[in-house]
$ cat final_3.cif   # mmCIF, C-alpha atoms and all ligand atoms
data_input
loop_
_atom_site.label_atom_id
_atom_site.label_comp_id
_atom_site.auth_asym_id
_atom_site.auth_seq_id
_atom_site.Cartn_x
_atom_site.Cartn_y
_atom_site.Cartn_z
CA MET C 12 -129.27 -40.12 -207.77
CA THR C 13 -126.12 -41.00 -209.72
CA LYS C 14 -127.53 -42.67 -212.83
CA ALA C 15 -126.56 -40.59 -215.82
CA LYS C 16 -126.77 -41.92 -219.35
CA ALA C 17 -130.11 -43.40 -220.31
CA PRO C 18 -130.01 -47.02 -221.42
CA GLN C 19 -130.87 -47.24 -225.13
CA VAL C 20 -134.03 -49.18 -224.42
CA PRO C 21 -136.24 -47.88 -221.62
CA ARG C 22 -136.61 -50.41 -218.83
CA HIS C 23 -140.11 -49.28 -217.99
CA ILE C 24 -142.61 -47.59 -220.31
CA ALA C 25 -146.00 -46.15 -219.31
CA ILE C 26 -148.66 -45.25 -221.87
CA VAL C 27 -151.79 -43.08 -221.71
CA MET C 28 -153.76 -44.77 -224.48
CA ASP C 29 -155.77 -41.82 -225.74
CA GLY C 30 -157.77 -41.39 -228.92
CA ASN C 31 -160.06 -44.43 -229.17
CA GLY C 32 -163.18 -42.25 -229.31
CA ARG C 33 -161.88 -40.00 -232.09
CA TRP C 34 -160.63 -43.01 -234.03
CA ALA C 35 -164.15 -44.48 -233.92
CA ARG C 36 -165.83 -41.16 -234.74
CA ALA C 37 -163.69 -40.79 -237.87
CA ARG C 38 -165.19 -44.11 -238.98
CA HIS C 39 -168.76 -43.15 -237.98
CA ARG C 40 -168.77 -45.90 -235.40
CA PRO C 41 -169.62 -45.91 -231.66
CA ARG C 42 -166.91 -45.22 -229.08
CA SER C 43 -166.99 -48.89 -228.02
CA PHE C 44 -165.72 -49.75 -231.52
CA GLY C 45 -162.72 -47.53 -230.83
CA HIS C 46 -162.09 -49.18 -227.46
CA ASN C 47 -162.19 -52.58 -229.11
CA ALA C 48 -159.61 -51.42 -231.66
CA GLY C 49 -157.65 -50.05 -228.67
CA ARG C 50 -157.61 -53.50 -227.17
CA LYS C 51 -155.94 -54.85 -230.30
CA ALA C 52 -153.35 -52.08 -230.04
CA VAL C 53 -152.65 -53.22 -226.46
CA ARG C 54 -151.71 -56.63 -227.82
CA VAL C 55 -149.40 -55.05 -230.41
CA ALA C 56 -147.77 -52.87 -227.73
CA ILE C 57 -147.14 -55.89 -225.49
CA GLU C 58 -145.60 -57.88 -228.37
CA SER C 59 -143.49 -54.88 -229.42
CA CYS C 60 -142.19 -54.36 -225.88
CA MET C 61 -141.18 -58.02 -225.72
CA ARG C 62 -139.29 -57.66 -229.00
CA GLU C 63 -137.56 -54.47 -227.86
CA GLY C 64 -136.45 -55.96 -224.54
CA VAL C 65 -138.49 -53.60 -222.37
CA GLN C 66 -138.84 -54.98 -218.83
CA ALA C 67 -142.10 -53.35 -217.72
CA LEU C 68 -145.07 -51.77 -219.49
CA THR C 69 -147.76 -49.87 -217.57
CA LEU C 70 -151.01 -49.02 -219.39
CA PHE C 71 -153.67 -46.53 -218.30
CA ALA C 72 -156.84 -48.47 -219.13
CA PHE C 73 -159.37 -46.76 -216.86
CA SER C 74 -158.82 -43.73 -214.67
CA SER C 75 -160.56 -42.96 -211.40
CA GLU C 76 -162.28 -40.14 -213.35
CA ASN C 77 -163.49 -42.44 -216.16
CA TRP C 78 -166.37 -43.64 -213.92
CA GLN C 79 -168.01 -40.31 -214.84
CA ARG C 80 -168.36 -41.31 -218.51
CA PRO C 81 -171.82 -42.27 -219.84
CA GLN C 82 -173.02 -45.49 -218.24
CA ASP C 83 -173.16 -47.39 -221.51
CA GLU C 84 -169.51 -46.56 -222.27
CA VAL C 85 -168.41 -47.63 -218.78
CA GLY C 86 -170.42 -50.85 -219.24
CA ALA C 87 -168.83 -51.46 -222.64
CA LEU C 88 -165.34 -50.96 -221.20
CA MET C 89 -166.05 -53.36 -218.32
CA GLY C 90 -167.32 -55.95 -220.82
CA LEU C 91 -164.19 -55.46 -222.88
CA PHE C 92 -161.93 -55.98 -219.85
CA VAL C 93 -163.75 -59.21 -219.00
CA ARG C 94 -163.48 -60.48 -222.59
CA ALA C 95 -159.83 -59.47 -222.79
CA LEU C 96 -159.06 -61.33 -219.58
CA ASP C 97 -160.96 -64.42 -220.72
CA LYS C 98 -159.36 -64.42 -224.16
CA GLU C 99 -155.84 -63.14 -223.75
CA VAL C 100 -154.50 -64.43 -220.44
CA ASP C 101 -153.59 -67.91 -221.73
CA GLU C 102 -151.44 -66.51 -224.50
CA LEU C 103 -149.87 -63.84 -222.30
CA HIS C 104 -149.00 -66.55 -219.80
CA THR C 105 -147.49 -68.77 -222.51
CA ASN C 106 -145.39 -65.81 -223.65
CA GLY C 107 -143.98 -65.21 -220.17
CA VAL C 108 -145.96 -62.06 -219.37
CA ARG C 109 -146.60 -61.26 -215.72
CA LEU C 110 -149.82 -59.31 -215.27
CA ARG C 111 -150.64 -56.89 -212.50
CA PHE C 112 -153.63 -54.61 -211.98
CA ILE C 113 -153.03 -51.40 -210.08
CA GLY C 114 -155.64 -48.99 -208.77
CA ASP C 115 -158.67 -49.11 -206.53
CA LEU C 116 -159.73 -52.66 -207.45
CA ASN C 117 -162.50 -52.52 -204.81
CA ALA C 118 -164.39 -50.22 -207.18
CA PHE C 119 -165.08 -53.16 -209.54
CA ASP C 120 -167.74 -55.79 -209.22
CA GLU C 121 -166.84 -59.11 -207.68
CA PRO C 122 -166.67 -61.26 -210.88
CA LEU C 123 -164.32 -58.82 -212.62
CA ARG C 124 -162.19 -58.48 -209.49
CA ARG C 125 -161.92 -62.25 -209.23
CA ARG C 126 -160.81 -62.48 -212.87
CA MET C 127 -158.16 -59.80 -212.33
CA GLN C 128 -156.90 -61.58 -209.21
CA ALA C 129 -156.86 -64.96 -210.97
CA SER C 130 -154.83 -63.57 -213.89
CA MET C 131 -152.29 -62.06 -211.48
CA THR C 132 -151.96 -65.31 -209.54
CA ARG C 133 -151.69 -67.39 -212.72
CA THR C 134 -148.90 -65.27 -214.24
CA ALA C 135 -147.07 -64.43 -211.01
CA SER C 136 -143.91 -66.41 -211.78
CA ASN C 137 -143.43 -65.11 -215.35
CA GLU C 138 -140.38 -62.95 -215.96
CA ARG C 139 -140.19 -61.96 -219.63
CA LEU C 140 -142.31 -58.79 -219.43
CA GLN C 141 -144.18 -57.21 -216.54
CA VAL C 142 -147.46 -55.69 -217.78
CA ASN C 143 -149.34 -53.44 -215.37
CA ILE C 144 -152.88 -52.39 -216.18
CA ALA C 145 -154.00 -49.29 -214.30
CA VAL C 146 -157.73 -49.44 -213.62
CA SER C 147 -159.74 -47.08 -211.44
CA TYR C 148 -156.30 -45.60 -210.95
CA GLY C 149 -155.26 -42.03 -210.21
CA GLY C 150 -151.80 -40.74 -209.36
CA ARG C 151 -153.21 -38.77 -206.43
CA TRP C 152 -155.05 -41.87 -205.22
CA ASP C 153 -151.71 -43.71 -205.28
CA ILE C 154 -149.98 -41.04 -203.17
CA VAL C 155 -152.89 -41.02 -200.72
CA GLN C 156 -152.92 -44.81 -200.31
CA ALA C 157 -149.14 -44.85 -199.73
CA SER C 158 -149.45 -42.02 -197.17
CA ARG C 159 -152.23 -43.91 -195.42
CA GLN C 160 -150.03 -47.00 -195.14
CA ALA C 161 -147.23 -44.86 -193.70
CA ALA C 162 -149.66 -43.37 -191.15
CA GLU C 163 -150.82 -46.88 -190.20
CA ALA C 164 -147.21 -48.00 -189.68
CA VAL C 165 -146.72 -44.97 -187.40
CA ALA C 166 -149.92 -45.80 -185.50
CA ARG C 167 -148.69 -49.38 -184.97
CA GLY C 168 -145.46 -47.99 -183.55
CA GLU C 169 -143.35 -49.49 -186.38
CA LEU C 170 -142.23 -46.16 -187.84
CA ARG C 171 -141.46 -42.68 -186.53
CA THR C 172 -142.76 -39.70 -188.53
CA ASP C 173 -139.21 -38.36 -188.89
CA GLU C 174 -138.29 -41.62 -190.63
CA ILE C 175 -140.73 -40.90 -193.46
CA ASP C 176 -138.71 -39.72 -196.43
CA GLU C 177 -139.03 -40.15 -200.21
CA ALA C 178 -137.44 -43.59 -200.24
CA ARG C 179 -139.65 -44.81 -197.38
CA LEU C 180 -142.88 -43.49 -198.88
CA ASN C 181 -141.89 -44.92 -202.25
CA GLN C 182 -142.02 -48.42 -200.77
CA TRP C 183 -145.82 -48.14 -200.58
CA MET C 184 -146.36 -46.61 -204.01
CA SER C 185 -147.69 -48.85 -206.80
CA LEU C 186 -144.89 -50.39 -208.91
CA ALA C 187 -142.16 -49.63 -206.32
CA ASP C 188 -140.64 -53.06 -206.92
CA LEU C 189 -140.20 -52.49 -210.67
CA PRO C 190 -137.51 -50.65 -212.62
CA PRO C 191 -138.07 -46.88 -212.45
CA LEU C 192 -140.31 -45.35 -215.09
CA ASP C 193 -138.02 -44.30 -217.97
CA LEU C 194 -140.46 -43.30 -220.71
CA PHE C 195 -143.98 -41.89 -220.44
CA ILE C 196 -145.92 -41.93 -223.72
CA ARG C 197 -149.26 -40.30 -224.44
CA THR C 198 -151.05 -40.85 -227.73
CA GLY C 199 -153.96 -38.81 -229.11
CA GLY C 200 -152.40 -35.35 -229.27
CA GLU C 201 -152.98 -34.02 -225.74
CA CYS C 202 -149.90 -32.98 -223.78
CA ARG C 203 -150.85 -33.73 -220.20
CA ILE C 204 -150.30 -36.34 -217.52
CA SER C 205 -154.01 -36.62 -216.55
CA ASN C 206 -153.35 -37.89 -213.03
CA PHE C 207 -151.39 -40.97 -214.19
CA LEU C 208 -148.36 -42.13 -212.15
CA LEU C 209 -147.72 -38.65 -210.71
CA TRP C 210 -145.10 -39.84 -208.24
CA GLN C 211 -143.39 -42.29 -210.61
CA VAL C 212 -143.17 -39.81 -213.50
CA ALA C 213 -140.75 -37.50 -211.62
CA TYR C 214 -137.69 -38.33 -213.75
CA ALA C 215 -139.33 -40.05 -216.73
CA GLU C 216 -138.85 -38.75 -220.26
CA LEU C 217 -142.15 -37.55 -221.72
CA TYR C 218 -143.19 -38.37 -225.29
CA PHE C 219 -146.39 -37.05 -226.85
CA THR C 220 -147.69 -38.11 -230.25
CA ASP C 221 -150.74 -37.17 -232.32
CA THR C 222 -151.22 -40.80 -233.34
CA LEU C 223 -154.54 -42.12 -232.01
CA TRP C 224 -154.13 -45.16 -229.79
CA PRO C 225 -155.67 -47.76 -232.17
CA ASP C 226 -153.09 -46.70 -234.81
CA PHE C 227 -150.11 -46.91 -232.44
CA ASP C 228 -148.16 -49.84 -233.86
CA GLN C 229 -144.70 -51.34 -233.54
CA ALA C 230 -143.13 -48.64 -235.75
CA CYS C 231 -144.66 -45.95 -233.50
CA LEU C 232 -143.19 -47.57 -230.41
CA ARG C 233 -139.81 -47.84 -232.16
CA ARG C 234 -139.92 -44.10 -232.93
CA ALA C 235 -140.68 -43.31 -229.29
CA ILE C 236 -137.79 -45.51 -228.13
CA GLU C 237 -135.40 -43.92 -230.64
CA ASP C 238 -136.46 -40.47 -229.43
CA TYR C 239 -135.87 -41.58 -225.85
CA ALA C 240 -132.41 -42.92 -226.69
CA ARG C 241 -131.39 -39.44 -227.90
CA ARG C 242 -132.33 -37.74 -224.63
CA GLU C 243 -129.81 -36.74 -222.01
CA ARG C 244 -131.11 -37.48 -218.53
CA ARG C 245 -129.49 -35.11 -216.10
CA TYR C 246 -131.42 -35.68 -212.85
CA GLY C 247 -130.77 -32.07 -211.81
CA ARG C 248 -127.06 -32.10 -212.68
CA THR C 249 -125.29 -30.23 -215.50
CA GLY C 250 -124.56 -31.59 -218.96
CA GLU C 251 -120.81 -31.34 -218.19
CA GLN C 252 -121.21 -33.45 -215.06
CA ILE C 253 -123.12 -36.06 -217.03
CA ALA C 254 -120.46 -36.11 -219.76
CA ALA C 255 -117.76 -36.69 -217.14
CA THR C 256 -119.64 -39.66 -215.64
CA PRO C 257 -118.11 -42.96 -216.78
C1 LIG C 301 -159.02 -43.11 -223.91
O1 LIG C 301 -159.51 -42.79 -225.20
C2 LIG C 301 -159.13 -44.55 -223.67
C3 LIG C 301 -159.79 -45.11 -222.64
C4 LIG C 301 -160.49 -44.35 -221.60
C5 LIG C 301 -159.88 -46.57 -222.50
C6 LIG C 301 -158.62 -47.34 -222.78
C7 LIG C 301 -158.99 -48.72 -223.00
C8 LIG C 301 -158.46 -49.52 -223.94
C9 LIG C 301 -157.34 -49.14 -224.82
C10 LIG C 301 -159.09 -50.82 -224.10
C11 LIG C 301 -158.32 -52.03 -223.83
C12 LIG C 301 -157.57 -52.14 -222.61
C13 LIG C 301 -157.21 -53.33 -222.06
C14 LIG C 301 -156.20 -53.32 -221.00
C15 LIG C 301 -157.78 -54.61 -222.48
P1 LIG C 301 -160.77 -41.84 -225.30
O2 LIG C 301 -162.00 -42.68 -225.23
O3 LIG C 301 -160.70 -40.77 -224.27
O4 LIG C 301 -160.59 -41.25 -226.76
P2 LIG C 301 -160.96 -39.78 -227.25
O5 LIG C 301 -160.06 -38.83 -226.49
O6 LIG C 301 -160.64 -39.83 -228.70
O7 LIG C 301 -162.41 -39.57 -226.97
#
$ encode --input "final_3.cif" --output "structure tokens"
Amino acid sequence: MTKAKAPQVPRHIAIVMDGNGRWARARHRPRSFGHNAGRKAVRVAIESCMREGVQALTLFAFSSENWQRPQDEVGALMGLFVRALDKEVDELHTNGVRLRFIGDLNAFDEPLRRRMQASMTRTASNERLQVNIAVSYGGRWDIVQASRQAAEAVARGELRTDEIDEARLNQWMSLADLPPLDLFIRTGGECRISNFLLWQVAYAELYFTDTLWPDFDQACLRRAIEDYARRERRYGRTGEQIAATP
């Protein structure tokens, strides 16, 4: 790994969009009201990333653990995803956004899966901003599915076990074809990764903010990017080595 100085604008940002429930509770409204406000914040984040020149944005919309939430909340979130896909895809497409869903898509019902697939196919040739929505996603799930693919390649005789190294396994991880994750943001005041992008986060800069997701606007993203631009990314080397790198 020879890359030293961070580019001023992160190429790839991931966000744990936390705080919808508390945002709604503060307004004496149901959690679904908060998720709906969160959906509007998603739109703002996408527009802000386009303005900032970010290449890829990955959003944690529904974790593999979120299935354990009360049934009515899960139902409300599914309804919201369907509505968002029906309403937003045209405009995203017009604006050059390429959409991808990552996670265990088989966990969703057929109509929703078809909508996700259709939106990916429709936007596949767009290049302005890659937006990845993680649904029924877990970082451990991702590592397991990549390992399984490696094992299958071995079983087919296409790969020897001693050929499996980090670079090889990385080929099967979600988002391997995108710029590396530069900045990992979590809103809502908790300072944890919560099983998001465990493999990809290895050298990302972490940024935690108390701002609840529905309140995370363009100025908030700007602040996170400015904070990122001040970081020194050393990738295990010393500050002196980094300073000497052209
Ligand atoms: C976490 O906040 C948020 C979620 C589990 C859902 C995220 C979903 C959206 C932002 C909706 C829109 C997404 C798309 C892609 C259309 P929380 O409910 O855990 O909040 P809390 O910690 O305050 O309870």
$ residues_near_ligand --input "final_3.cif" --ligand "ligand LIG 301 (chain C)" --cutoff "6 Å" --atoms "all atoms listed in the file" --output "JSON list (two decimals) with C-alpha atoms, in the coordinates of the input"
[["chain", "number", "residue", "atom", "x", "y", "z"],
["C", 28, "MET", "CA", -153.76, -44.77, -224.48],
["C", 29, "ASP", "CA", -155.77, -41.82, -225.74],
["C", 30, "GLY", "CA", -157.77, -41.39, -228.92],
["C", 31, "ASN", "CA", -160.06, -44.43, -229.17],
["C", 32, "GLY", "CA", -163.18, -42.25, -229.31],
["C", 33, "ARG", "CA", -161.88, -40.00, -232.09],
["C", 46, "HIS", "CA", -162.09, -49.18, -227.46],
["C", 49, "GLY", "CA", -157.65, -50.05, -228.67],
["C", 50, "ARG", "CA", -157.61, -53.50, -227.17],
["C", 72, "ALA", "CA", -156.84, -48.47, -219.13],
["C", 73, "PHE", "CA", -159.37, -46.76, -216.86],
["C", 92, "PHE", "CA", -161.93, -55.98, -219.85],
["C", 95, "ALA", "CA", -159.83, -59.47, -222.79],
["C", 144, "ILE", "CA", -152.88, -52.39, -216.18]]
$ residues_around --input "final_3.cif" --residues "Phe219 (chain C)" --least-positions-apart "3" --cutoff "10 Å" --atoms "only C-alpha atoms" --output "ChimeraX atom specification"
/C:26-27,195-203,222,235
$ residues_around --input "final_3.cif" --residues "Gly247 (chain C)" --least-positions-apart "2" --cutoff "10 Å" --atoms "all atoms listed in the file" --output "VMD selection string"
chain C and resid 12 214 244 to 245 249 to 250
$ atom_distance --input "final_3.cif" --atom1 "CA of Val93 (chain C)" --atom2 "CA of Arg124 (chain C)"
9.7 Å
$ closest_residue --input "final_3.cif" --among "C:Ser75, C:Glu174, C:Pro191, C:Val100" --to "Asn206 (chain C)" --atoms "only C-alpha atoms"
C:Ser75
$ closest_residue --input "final_3.cif" --among "C:Arg94, C:Arg139, C:Arg171, C:Arg151" --to "Phe207 (chain C)" --atoms "all atoms listed in the file"
C:Arg151
$ closest_residue --input "final_3.cif" --among "C:Arg233, C:Gly45, C:Ala25, C:Ile57" --to "Leu208 (chain C)" --atoms "all atoms listed in the file"
C:Ala25
$ closest_residue --input "final_3.cif" --among "C:Leu91, C:Leu209, C:Val55, C:Cys231" --to "Gly149 (chain C)" --atoms "all atoms listed in the file"
C:Leu209
$ closest_residue --input "final_3.cif" --among "C:Ala37, C:Val65, C:Ala213, C:Ala240" --to "Gly150 (chain C)" --atoms "all atoms listed in the file"
C:Ala213
$ residues_around --input "final_3.cif" --residues "Leu140 (chain C)" --least-positions-apart "2" --cutoff "8 Å" --atoms "all atoms listed in the file" --output "compact mmCIF listing (two decimals) with C-alpha atoms, keeping the file's coordinate frame"
# COMPACT_ATOMS: atom_id res chain seq x y z
CA CYS C 60 -142.19 -54.36 -225.88
CA MET C 61 -141.18 -58.02 -225.72
CA VAL C 65 -138.49 -53.60 -222.37
CA GLN C 66 -138.84 -54.98 -218.83
CA ALA C 67 -142.10 -53.35 -217.72
CA LEU C 68 -145.07 -51.77 -219.49
CA GLY C 107 -143.98 -65.21 -220.17
CA VAL C 108 -145.96 -62.06 -219.37
CA ARG C 109 -146.60 -61.26 -215.72
CA ASN C 137 -143.43 -65.11 -215.35
CA GLU C 138 -140.38 -62.95 -215.96
CA VAL C 142 -147.46 -55.69 -217.78
$ atom_distance --input "final_3.cif" --atom1 "CA of Glu251 (chain C)" --atom2 "CA of Asp193 (chain C)"
21.5 Å
$ residues_around --input "final_3.cif" --residues "Glu177 (chain C)" --least-positions-apart "5" --cutoff "12 Å" --atoms "only C-alpha atoms" --output "ChimeraX atom specification"
/C:154,157-158,161,182-184,187,210-211,213
$ atom_distance --input "final_3.cif" --atom1 "CA of Ser185 (chain C)" --atom2 "CA of Ile113 (chain C)"
6.8 Å
$ closest_residue --input "final_3.cif" --among "C:Met89, C:Ile236, C:Ala230, C:Ala166" --to "Leu194 (chain C)" --atoms "all atoms listed in the file"
C:Ile236
